[in-house]
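Asks: Sending over a structure as structure tokens; questions will come in a sec.
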2 protein chains.
Amino acid sequence: MTEKAFPSIQGAVCAVPLRHHDTIVMGHGSGGRMTQELIQQVFQPHLSDPELLAGNDFAAISANAAGGTRLAISTDSHIVYPLVFPGGDIGRLSVCGTVNDVAMSGAIPIGLTAGFILEEGLSTALLESIVVSMAEAAKEAGVQIVAGDTKVVEKGKADGLFINTTGFGWIPRDTIINGANAKPGDVVLVSGTVGDHGIAVLAARGELGLETEIRSDVAPLNHLIREIVSSAPHTHVLRDPTRGGLATTLNEIACQSRVCITIREDLIPIQPAVSAACEMLGFDPFYVANEGKVIVILPPDEADAALKAMQANPYGHNAAIIGTVSESPQSRLLLKTRIGGTRILDILAGEMLPRIC
Amino acid sequence: MTEKAFPSIQGAVCAVPLRHHDTIVMGHGSGGRMTQELIQQVFQPHLSDPELLAGNDFAAISANAAGGTRLAISTDSHIVYPLVFPGGDIGRLSVCGTVNDVAMSGAIPIGLTAGFILEEGLSTALLESIVVSMAEAAKEAGVQIVAGDTKVVEKGKADGLFINTTGFGWIPRDTIINGANAKPGDVVLVSGTVGDHGIAVLAARGELGLETEIRSDVAPLNHLIREIVSSAPHTHVLRDPTRGGLATTLNEIACQSRVCITIREDLIPIQPAVSAACEMLGFDPFYVANEGKVIVILPPDEADAALKAMQANPYGHNAAIIGTVSESPQSRLLLKTRIGGTRILDILAGEMLPRIC
């Protein structure tokens, strides 16, 4: 849900053969290969700021003031349907998603802007409950909503409500955490069970006849991340596996860092109900979106400290070490399966799920 | 088009009797009184950051780095239809609108984030032409597009393309320019003809049988604004009269500054074709949106210098002194008419035009 947007437009390393589409199709919003194609074909030739090309979910801007502080900034448009789902709503999601993207740079998130596109006919009471939810999430994260904008479009020209949030924060001096920073020998951790958000949203639609107790994991992770970075000061990469899930996000990191990442299926935390739902629907849970999880990549001698710090936080209770980084010219993500085999996990080709973000 | 959003939630000064609506109606997006009602009823009770309540189109954030520099940040979602119109398109608009809002704080705009919501079926070639237009406008303004996000929604769930841009820049030490800063005795200037953008967009729809040569004035004003502030260092207020037009924007400033503003009808620059179109359609041009104009309010001894600086810039060619600020407990905008009368110009009540932003 938080943007995997404009990722991998650093290009050459993981360039893929491009297919051209004359019109936008749903797969262009998947966060996977088709999103990359769109970016490489339509955006990249014209927008080429180095921060944009870096392929992170944030930009880091040098402040002209002294002290080596940099400004981290990240933007995300939220289009989730339904607007309310078990465990959260579009308001909580829009705050947490952007707080998390800013925090993944190692920054302390400070504030957000919020741009609302309202569809004529939207219930005012529903809108207010979503604003309350935003306020609560912002309070939990310790950020301010500093500027806003509201627009209204005619009935049938939006899907109830879209919210863009853009977040900013300060990156402490000497902090270098980004997707290009994974090193051979590093260890890969994830802060908890994967796939919860995507399955919860999908079930809330009621379209697939799926009944489940699964709740979205949507949460602000900035406090958890401070604790990780305090315990493991040489953390190399932090990223939240949102749109496209764990497998797409790890592929992006492998591309940016030009390394091979190997994860072990038996170590990846997953709720049985999520496994069961995925099996029933034919989805791979490693490609299902999360909204309250973080991938951490760091040197092996700091892995235990980071793991303990994560497990001590309510949002990192089920954290686990799931893999390792090795040298590779090919920037691949490999999965060691339960039965001892190894297979390549590619980035999501198009859409797997009906749109959930 | 740039947000007049969350304005006047500074509240009490210009509080209006609130009407409650159970659902969102188009007037909630007008930028006028109904937008204020929505903000006061739904947003203000829950989101109350002082910068948000200040009622400007930007937030000013103290940097924790040294030097007294502050971060200016502003957000705006662009929903204009048609996507392309005489004089510009949604791409140029989305860059200029946000560059201008940042510049109105006296800041030097540095960069933008761009969040795209694409409707399934949108022409890829059209999207690319809009991205090119954004790149050109950013180049003209001298800003970078530093982070992006793309989402796709099903056909019928958006209006082709929505773009959120959020801009940021640095406010020089000791610069205090905002809507609460107009002082009795000040002079009011506008940088050129009013109403061009709104009428150009409306005509481009082809719905009203209106044929005209009018082009949108959409332009980045940051260079013009630097020239104004250099010539008139005690500038008190800068604001672009976008959604709701000149009259709504001056009303907002009167409210924020708790002053009376009086403008003279015969001094306000307006193209004859815009006048004629407004007369034919029954619109008041002072409420029609502009996208390349700035209102400047400053002490009388700097008015001539500011006027000269404006007239020397291509985007300020038709600049004029149009009014004065006086003391008042009632925060009113008064119009001295051509025939010598005086009438109150209130903020726009609901929608005057079909949605143009």
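We label chains A, B, ... in the order they appear in the structure tokens, count residues from 1 in each chain, and number ligands from 1 in the order shown.
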Kindly assemble as JSON lines a list of the chain B residues that lie within 7 Å of chain A, each paired with its nearest atom pair and their distance in Å to one decimal, using only C-alpha atoms, sorted first by chain and then by ascending residue number.
Replies:
```
{"residue": "B:Glu3", "atom": "CA", "partner": "A:Asp149", "partner_atom": "CA", "distance": 5.5}
{"residue": "B:Ala5", "atom": "CA", "partner": "A:Asp149", "partner_atom": "CA", "distance": 4.4}
{"residue": "B:Phe6", "atom": "CA", "partner": "A:Gly148", "partner_atom": "CA", "distance": 6.0}
{"residue": "B:Asp22", "atom": "CA", "partner": "A:Thr124", "partner_atom": "CA", "distance": 5.3}
{"residue": "B:Thr23", "atom": "CA", "partner": "A:Ser123", "partner_atom": "CA", "distance": 4.4}
{"residue": "B:Ile24", "atom": "CA", "partner": "A:Gly121", "partner_atom": "CA", "distance": 5.0}
{"residue": "B:Val25", "atom": "CA", "partner": "A:Glu120", "partner_atom": "CA", "distance": 5.0}
{"residue": "B:Met26", "atom": "CA", "partner": "A:Val152", "partner_atom": "CA", "distance": 5.9}
{"residue": "B:His28", "atom": "CA", "partner": "A:Val152", "partner_atom": "CA", "distance": 6.6}
{"residue": "B:Gly29", "atom": "CA", "partner": "A:Val152", "partner_atom": "CA", "distance": 4.7}
{"residue": "B:Val42", "atom": "CA", "partner": "A:Glu128", "partner_atom": "CA", "distance": 5.3}
{"residue": "B:Phe43", "atom": "CA", "partner": "A:Val131", "partner_atom": "CA", "distance": 6.6}
{"residue": "B:His46", "atom": "CA", "partner": "A:Val132", "partner_atom": "CA", "distance": 6.0}
{"residue": "B:Leu47", "atom": "CA", "partner": "A:Ala135", "partner_atom": "CA", "distance": 6.2}
{"residue": "B:Asp49", "atom": "CA", "partner": "A:Val146", "partner_atom": "CA", "distance": 6.1}
{"residue": "B:Glu51", "atom": "CA", "partner": "A:Val146", "partner_atom": "CA", "distance": 5.6}
{"residue": "B:Leu52", "atom": "CA", "partner": "A:Val146", "partner_atom": "CA", "distance": 5.0}
{"residue": "B:Phe58", "atom": "CA", "partner": "A:Ala147", "partner_atom": "CA", "distance": 6.4}
{"residue": "B:Ala59", "atom": "CA", "partner": "A:Ala147", "partner_atom": "CA", "distance": 5.9}
{"residue": "B:Ala65", "atom": "CA", "partner": "A:Ala65", "partner_atom": "CA", "distance": 5.7}
{"residue": "B:Ala66", "atom": "CA", "partner": "A:Ala66", "partner_atom": "CA", "distance": 5.6}
{"residue": "B:Gly67", "atom": "CA", "partner": "A:Ala65", "partner_atom": "CA", "distance": 6.0}
{"residue": "B:Thr69", "atom": "CA", "partner": "A:Ala65", "partner_atom": "CA", "distance": 6.7}
{"residue": "B:Ser74", "atom": "CA", "partner": "A:Ala147", "partner_atom": "CA", "distance": 6.3}
{"residue": "B:Thr75", "atom": "CA", "partner": "A:Thr113", "partner_atom": "CA", "distance": 6.3}
{"residue": "B:Asp76", "atom": "CA", "partner": "A:Asp149", "partner_atom": "CA", "distance": 5.7}
{"residue": "B:Ser77", "atom": "CA", "partner": "A:Gly115", "partner_atom": "CA", "distance": 6.0}
{"residue": "B:Thr113", "atom": "CA", "partner": "A:Thr75", "partner_atom": "CA", "distance": 6.3}
{"residue": "B:Gly115", "atom": "CA", "partner": "A:Ser77", "partner_atom": "CA", "distance": 6.0}
{"residue": "B:Glu120", "atom": "CA", "partner": "A:Val25", "partner_atom": "CA", "distance": 5.0}
{"residue": "B:Gly121", "atom": "CA", "partner": "A:Ile24", "partner_atom": "CA", "distance": 5.0}
{"residue": "B:Leu122", "atom": "CA", "partner": "A:Ile24", "partner_atom": "CA", "distance": 5.2}
{"residue": "B:Ser123", "atom": "CA", "partner": "A:Thr23", "partner_atom": "CA", "distance": 4.4}
{"residue": "B:Thr124", "atom": "CA", "partner": "A:Thr23", "partner_atom": "CA", "distance": 4.9}
{"residue": "B:Glu128", "atom": "CA", "partner": "A:Val42", "partner_atom": "CA", "distance": 5.3}
{"residue": "B:Val131", "atom": "CA", "partner": "A:Phe43", "partner_atom": "CA", "distance": 6.6}
{"residue": "B:Val132", "atom": "CA", "partner": "A:His46", "partner_atom": "CA", "distance": 6.0}
{"residue": "B:Ala135", "atom": "CA", "partner": "A:His46", "partner_atom": "CA", "distance": 6.2}
{"residue": "B:Gln144", "atom": "CA", "partner": "A:Asp49", "partner_atom": "CA", "distance": 6.3}
{"residue": "B:Ile145", "atom": "CA", "partner": "A:Asp49", "partner_atom": "CA", "distance": 6.4}
{"residue": "B:Val146", "atom": "CA", "partner": "A:Leu52", "partner_atom": "CA", "distance": 5.0}
{"residue": "B:Ala147", "atom": "CA", "partner": "A:Leu52", "partner_atom": "CA", "distance": 5.2}
{"residue": "B:Gly148", "atom": "CA", "partner": "A:Phe6", "partner_atom": "CA", "distance": 6.0}
{"residue": "B:Asp149", "atom": "CA", "partner": "A:Ala5", "partner_atom": "CA", "distance": 4.4}
{"residue": "B:Thr150", "atom": "CA", "partner": "A:Ala5", "partner_atom": "CA", "distance": 5.7}
{"residue": "B:Lys151", "atom": "CA", "partner": "A:Gly29", "partner_atom": "CA", "distance": 4.9}
{"residue": "B:Val152", "atom": "CA", "partner": "A:Gly29", "partner_atom": "CA", "distance": 4.6}
{"residue": "B:Val153", "atom": "CA", "partner": "A:Met26", "partner_atom": "CA", "distance": 6.8}
{"residue": "B:Glu154", "atom": "CA", "partner": "A:Met26", "partner_atom": "CA", "distance": 6.8}
{"residue": "B:Gly156", "atom": "CA", "partner": "A:Lys157", "partner_atom": "CA", "distance": 6.2}
{"residue": "B:Lys157", "atom": "CA", "partner": "A:Ala158", "partner_atom": "CA", "distance": 4.4}
{"residue": "B:Ala158", "atom": "CA", "partner": "A:Lys157", "partner_atom": "CA", "distance": 4.5}
{"residue": "B:Asp159", "atom": "CA", "partner": "A:Lys157", "partner_atom": "CA", "distance": 5.2}
{"residue": "B:Asn164", "atom": "CA", "partner": "A:Asn164", "partner_atom": "CA", "distance": 6.9}
{"residue": "B:Thr166", "atom": "CA", "partner": "A:Thr166", "partner_atom": "CA", "distance": 6.8}
```
Asks: For the helix (DSSP H, G or I) assignment from backbone DSSP, which residues of region 95-285 of chain B qualify? Please present them as a VMD selection string.
Replies: chain B and resid 95 to 103 124 to 141 196 to 205 222 to 231 245 to 257 265 to 267 272 to 281 285
Asks: Which residues are close to Gly106 (chain B), i.e. within 8 Å by only C-alpha atoms, leaving aside same-chain residues fewer than 5 positions away? Reply as a list in words.
Replies: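 Counting only C-alpha atoms, the residues come to Ile171, Pro172, Thr175, Ile176, Ile177, Ile225, Arg226, Val229 and Leu238 of chain B.
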Asks: Using only C-alpha atoms, find the one residue out of A:Pro233, A:Gly195, A:Gly142, A:Pro329 that sits nearest to Glu291 (chain A).
Replies: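 Of the candidates, the smallest distance to Glu291 (chain A) is held by A:Gly195.
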Asks: Give me the residues within 10 Å of Ser191 (chain A) as a PyMOL selection string, counting only C-alpha atoms and dropping any in the same chain fewer than 4 places off.
Replies: chain A and resi 221+224+240+268-269+292-296+306-307+310-311+313+315-321
Asks: For the selection you just gave me, I'd like the residues written to a file as a compact mmCIF listing (two decimals), in the first residue's frame, keeping N, CA, C and O atoms.
Replies:
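Result file out-v6.txt:
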```txt
# COMPACT_ATOMS: atom_id res chain seq x y z
N LEU A 221 5.34 1.99 12.51
CA LEU A 221 6.50 1.22 12.96
C LEU A 221 7.67 2.10 13.38
O LEU A 221 8.76 1.59 13.66
N LEU A 224 9.27 1.13 16.76
CA LEU A 224 9.97 -0.16 16.60
C LEU A 224 11.31 0.06 15.89
O LEU A 224 12.35 -0.50 16.28
N ASP A 240 9.52 -1.76 4.32
CA ASP A 240 8.25 -2.44 4.63
C ASP A 240 7.73 -3.15 3.39
O ASP A 240 7.60 -2.56 2.33
N ILE A 268 9.86 -18.32 7.80
CA ILE A 268 9.05 -17.12 7.57
C ILE A 268 7.74 -17.21 8.35
O ILE A 268 6.96 -18.13 8.13
N PRO A 269 7.53 -16.28 9.28
CA PRO A 269 6.32 -16.37 10.11
C PRO A 269 5.06 -16.13 9.27
O PRO A 269 5.01 -15.20 8.46
N GLY A 292 2.23 -3.54 8.40
CA GLY A 292 2.79 -3.29 9.73
C GLY A 292 4.01 -4.17 9.97
O GLY A 292 4.27 -4.60 11.08
N LYS A 293 4.74 -4.42 8.90
CA LYS A 293 5.92 -5.27 9.01
C LYS A 293 7.11 -4.56 8.40
O LYS A 293 6.96 -3.75 7.48
N VAL A 294 8.28 -4.91 8.90
CA VAL A 294 9.51 -4.35 8.34
C VAL A 294 10.52 -5.46 8.09
O VAL A 294 10.65 -6.39 8.90
N ILE A 295 11.18 -5.35 6.97
CA ILE A 295 12.33 -6.21 6.65
C ILE A 295 13.57 -5.48 7.15
O ILE A 295 13.74 -4.28 6.88
N VAL A 296 14.43 -6.19 7.84
CA VAL A 296 15.67 -5.60 8.37
C VAL A 296 16.84 -6.42 7.83
O VAL A 296 16.83 -7.65 7.91
N ALA A 306 19.14 -7.07 17.32
CA ALA A 306 17.97 -6.53 16.60
C ALA A 306 16.75 -7.41 16.84
O ALA A 306 15.65 -6.90 17.08
N LEU A 307 16.95 -8.71 16.79
CA LEU A 307 15.83 -9.64 16.99
C LEU A 307 15.21 -9.45 18.37
O LEU A 307 13.99 -9.39 18.52
N MET A 310 13.24 -6.28 18.53
CA MET A 310 11.97 -6.41 17.81
C MET A 310 10.95 -7.20 18.63
O MET A 310 9.80 -6.79 18.77
N GLN A 311 11.41 -8.31 19.19
CA GLN A 311 10.46 -9.17 19.90
C GLN A 311 9.94 -8.51 21.18
O GLN A 311 8.88 -8.88 21.68
N ASN A 313 8.95 -5.47 21.31
CA ASN A 313 7.97 -4.45 20.92
C ASN A 313 6.69 -5.17 20.47
O ASN A 313 6.76 -6.18 19.77
N TYR A 315 4.74 -4.66 18.14
CA TYR A 315 4.63 -4.82 16.69
C TYR A 315 5.73 -5.73 16.12
O TYR A 315 5.82 -5.90 14.89
N GLY A 316 6.58 -6.29 16.99
CA GLY A 316 7.64 -7.16 16.50
C GLY A 316 7.69 -8.49 17.21
O GLY A 316 8.67 -9.23 17.13
N HIS A 317 6.59 -8.77 17.89
CA HIS A 317 6.46 -9.97 18.71
C HIS A 317 6.89 -11.25 18.01
O HIS A 317 7.56 -12.11 18.59
N ASN A 318 6.49 -11.39 16.76
CA ASN A 318 6.78 -12.62 16.01
C ASN A 318 7.96 -12.47 15.06
O ASN A 318 8.06 -13.20 14.07
N ALA A 319 8.83 -11.55 15.36
CA ALA A 319 9.99 -11.31 14.49
C ALA A 319 10.83 -12.58 14.37
O ALA A 319 10.89 -13.40 15.28
N ALA A 320 11.50 -12.72 13.23
CA ALA A 320 12.33 -13.91 13.00
C ALA A 320 13.46 -13.58 12.02
O ALA A 320 13.33 -12.68 11.19
N ILE A 321 14.54 -14.32 12.17
CA ILE A 321 15.60 -14.31 11.16
C ILE A 321 15.15 -15.24 10.04
O ILE A 321 14.80 -16.40 10.30
```
Asks: As a ChimeraX atom specification, list the residues of region 105-349 of chain A assigned to strand (DSSP E or B) by DSSP on the backbone atoms of this structure.
Replies: /A:108-119,123,144-153,161-171,187-190,237-239,259-264,295-298,320-327,333-336,342-344
Asks: Can you tell me how far CA of Ala303 (chain B) sits from CA of Ser216 (chain B), in Å to one decimal?
Replies: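 That distance, rounded to one decimal, is 26.9 Å.
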Asks: At a cut-off of 6 Å, using only C-alpha atoms, what residues contact region 256-267 of chain B? Leave out same-chain residues fewer than 6 positions from it and give the result as a ChimeraX atom specification.
Replies: /B:179-182,322-328,331-338
Asks: Give me, please, the distance in Å between CA of Asp301 (chain B) and CA of His234 (chain B), quoted to one decimal.
Replies: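 Here the two named atoms are 9.6 Å from each other.
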Asks: Just how far from CA of Val194 (chain B) is CA of Pro285 (chain B), in Å to one decimal?
Replies: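 CA of Val194 (chain B) lies at a distance of 6.9 Å from CA of Pro285 (chain B).
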